[in-house]
Each structure stands twice: as structure tokens, then as C-alpha cells.
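Chemist: Attaching a single structure in C-alpha cells format; questions to follow.
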Amino acid sequence: MAVADEKGTTSALTMRAVAGRLGVEAMSLYHHVAGRDDLLNGMVDAVFAEIDLPPHGPDWQNALRHRTTSARTVLLNHPWAVGLLDSRPHPGPATLRHHNAVLGALRAAGFSVPRAVSAFSLIDSYLYGFVLQETSLPFKGRAELEEVAPAA
């Protein structure tokens, strides 16, 4: 994940780059993962593990707001993950736990299964788009914003 975080993309994430970062030969990685796809699956699962689960309780809106705020923070730390989060064909345990918690919060609030899935998809589509836009802006932070677009 550190390699992708530094490069900002997974395109630079090769077995050789990861091995170099770890100080081992690239072929030794294959004792632990089958290949790059396994590596990406594990990275996505690790990202989901960093996102707070929605707190239990009757206030589903604040619970999902908490989860979404946490997800935004995590995705700003790992911007390469946005396009991968829901694209992996083999989700790991943290991914499944996360999805179960979000869908569970919506179901407990009275959403039907199809409506819960739609709400989850809608929330995350907005979140992912917002993070993509935020990370694509030509400035970082308030100070740089003032340089790009000074207050009138």
C-alpha cells in the first residue's frame, strides 16, 4: 500500500516494486501471494478495514454519515483505492464485514433489500466521485487554494 500511496496509482505497483520496498527478491513474493491480483485484493481489503463501520443504533443517517466521513478520510490517504474498492471479484473478510454492517444499518432502518443496496450504491457513488474530484483539484489545502483563487 505504501508503494501505491507514494505513486498515487496502482499502475506503478509491480511485484518488483513491492519486493524492492521490502528488500527481497520479487520471486519470493509468490510464496505469499499468487500474483498482482492477490496483492490488489489484499490492499482493497486493508482499505476497507481502515474505514469505520457505521455505529449501531436507531439513527441510521448519522451512522452512515460517520461511516462516510471515515471513508472519505481513508480514501484521501489512499486515493488509488477509489477505482478498486468495488471492482475486486474476491472480496476479503474486512470488505464483507464492512458491506454487511452498512447494509445491516440500512435494513435495521427499514429499507428493503433492494432499497438498501440502492442507497448504499448511491452514497458510495457520490462519495467516490467527490473524492476523485477532490484529489484532482490543482491545489492541496486552504493555503494553496488562496494562491489559485484569491478571495475577492
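Naming works like this for the C-alpha cells: A, B, ... for the chains as they're shown, residue 1 at the start of each chain, ligands 1 onward in shown order.
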Can you list every residue in chain A that DSSP puts in helix (DSSP H, G or I), as a ChimeraX atom specification?
Modeler: /A:2-7,15-22,26-31,36-50,60-77,79-81,93-108,113-136,141-148
Chemist: Show me, as a VMD selection string, the residues that have an atom within 8 Å of region 115-119 of chain A when counting only C-alpha atoms, minus same-chain residues fewer than 6 positions from it.
Modeler: chain A and resid 103 106 to 107
Chemist: What lies within 12 Å of region 35-43 of chain A using only C-alpha atoms, ignoring chain neighbours under 4 positions off, as a VMD selection string?
Modeler: chain A and resid 1 to 5 9 to 19 26 to 31 47 to 50 78 80 to 95
Chemist: Save out the residues we just selected, C-alpha atoms, as a PDB file, in the first residue's frame.
Modeler:
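Dumped to again09.pdb:
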```
ATOM      1  CA  MET A   1       0.000   0.000   0.000  1.00  0.00           C
ATOM      2  CA  ALA A   2       2.889   2.337   0.726  1.00  0.00           C
ATOM      3  CA  VAL A   3       4.136   1.990  -2.858  1.00  0.00           C
ATOM      4  CA  ALA A   4       0.697   2.864  -4.249  1.00  0.00           C
ATOM      5  CA  ASP A   5       0.310   5.700  -1.716  1.00  0.00           C
ATOM      6  CA  THR A   9      -1.696   4.889  -8.511  1.00  0.00           C
ATOM      7  CA  THR A  10      -1.577   1.140  -8.740  1.00  0.00           C
ATOM      8  CA  SER A  11      -0.070   1.231 -12.236  1.00  0.00           C
ATOM      9  CA  ALA A  12       3.368   1.587 -10.643  1.00  0.00           C
ATOM     10  CA  LEU A  13       2.585  -1.287  -8.313  1.00  0.00           C
ATOM     11  CA  THR A  14       4.598  -4.174  -9.644  1.00  0.00           C
ATOM     12  CA  MET A  15       5.847  -7.241  -7.852  1.00  0.00           C
ATOM     13  CA  ARG A  16       9.356  -5.895  -8.398  1.00  0.00           C
ATOM     14  CA  ALA A  17       8.472  -2.521  -6.814  1.00  0.00           C
ATOM     15  CA  VAL A  18       6.900  -4.211  -3.790  1.00  0.00           C
ATOM     16  CA  ALA A  19       9.841  -6.588  -3.424  1.00  0.00           C
ATOM     17  CA  ALA A  26      10.368 -10.362  -6.498  1.00  0.00           C
ATOM     18  CA  MET A  27      10.027 -14.126  -6.866  1.00  0.00           C
ATOM     19  CA  SER A  28       9.916 -14.543  -3.073  1.00  0.00           C
ATOM     20  CA  LEU A  29       6.581 -12.689  -3.014  1.00  0.00           C
ATOM     21  CA  TYR A  30       4.959 -15.570  -4.847  1.00  0.00           C
ATOM     22  CA  HIS A  31       5.307 -17.656  -1.690  1.00  0.00           C
ATOM     23  CA  VAL A  47      -8.525  -0.165   2.955  1.00  0.00           C
ATOM     24  CA  PHE A  48     -11.984  -1.407   3.979  1.00  0.00           C
ATOM     25  CA  ALA A  49     -10.502  -2.438   7.340  1.00  0.00           C
ATOM     26  CA  GLU A  50      -9.459   1.197   7.931  1.00  0.00           C
ATOM     27  CA  HIS A  78      -5.222   6.087  -0.390  1.00  0.00           C
ATOM     28  CA  TRP A  80      -5.546   4.929  -5.717  1.00  0.00           C
ATOM     29  CA  ALA A  81      -8.181   2.789  -3.985  1.00  0.00           C
ATOM     30  CA  VAL A  82     -11.270   4.635  -5.226  1.00  0.00           C
ATOM     31  CA  GLY A  83     -11.458   2.799  -8.535  1.00  0.00           C
ATOM     32  CA  LEU A  84     -10.686  -0.563  -6.974  1.00  0.00           C
ATOM     33  CA  LEU A  85     -12.972  -0.744  -3.955  1.00  0.00           C
ATOM     34  CA  ASP A  86     -15.966  -2.363  -5.567  1.00  0.00           C
ATOM     35  CA  SER A  87     -14.183  -3.916  -8.525  1.00  0.00           C
ATOM     36  CA  ARG A  88     -12.485  -6.909  -6.914  1.00  0.00           C
ATOM     37  CA  PRO A  89     -14.043 -10.289  -7.746  1.00  0.00           C
ATOM     38  CA  HIS A  90     -12.822 -11.876  -4.491  1.00  0.00           C
ATOM     39  CA  PRO A  91     -13.667  -9.602  -1.534  1.00  0.00           C
ATOM     40  CA  GLY A  92     -11.818 -10.260   1.704  1.00  0.00           C
ATOM     41  CA  PRO A  93     -13.176 -10.512   5.236  1.00  0.00           C
ATOM     42  CA  ALA A  94     -12.866  -6.798   6.030  1.00  0.00           C
ATOM     43  CA  THR A  95     -14.704  -5.904   2.823  1.00  0.00           C
TER      44      THR A  95
END
```
Chemist: Of the candidates A:His98, A:Tyr126, A:Leu75, A:Ala149, which shows the shortest atom-to-atom distance to Asp52 (chain A), using only C-alpha atoms?
Modeler: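 Ranked by minimum distance to Asp52 (chain A), first place goes to A:His98.
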Chemist: Leaving out region 128-132 of chain A and any residue of its chain fewer than 3 positions from it, which residues lie within 7 Å of it when counting only C-alpha atoms, given as a PyMOL selection string?
Modeler: chain A and resi 72+76+82+124-125+135-136
Chemist: Please measure the separation of CA of Ala101 (chain A) and CA of Pro58 (chain A), giving the value in Å to one decimal.
Modeler: 13.7 Å
Chemist: I'd like to know which of A:Ala143, A:Leu122, A:Val148, A:Ala46 is closest to Thr68 (chain A), using only C-alpha atoms.
Modeler: A:Leu122
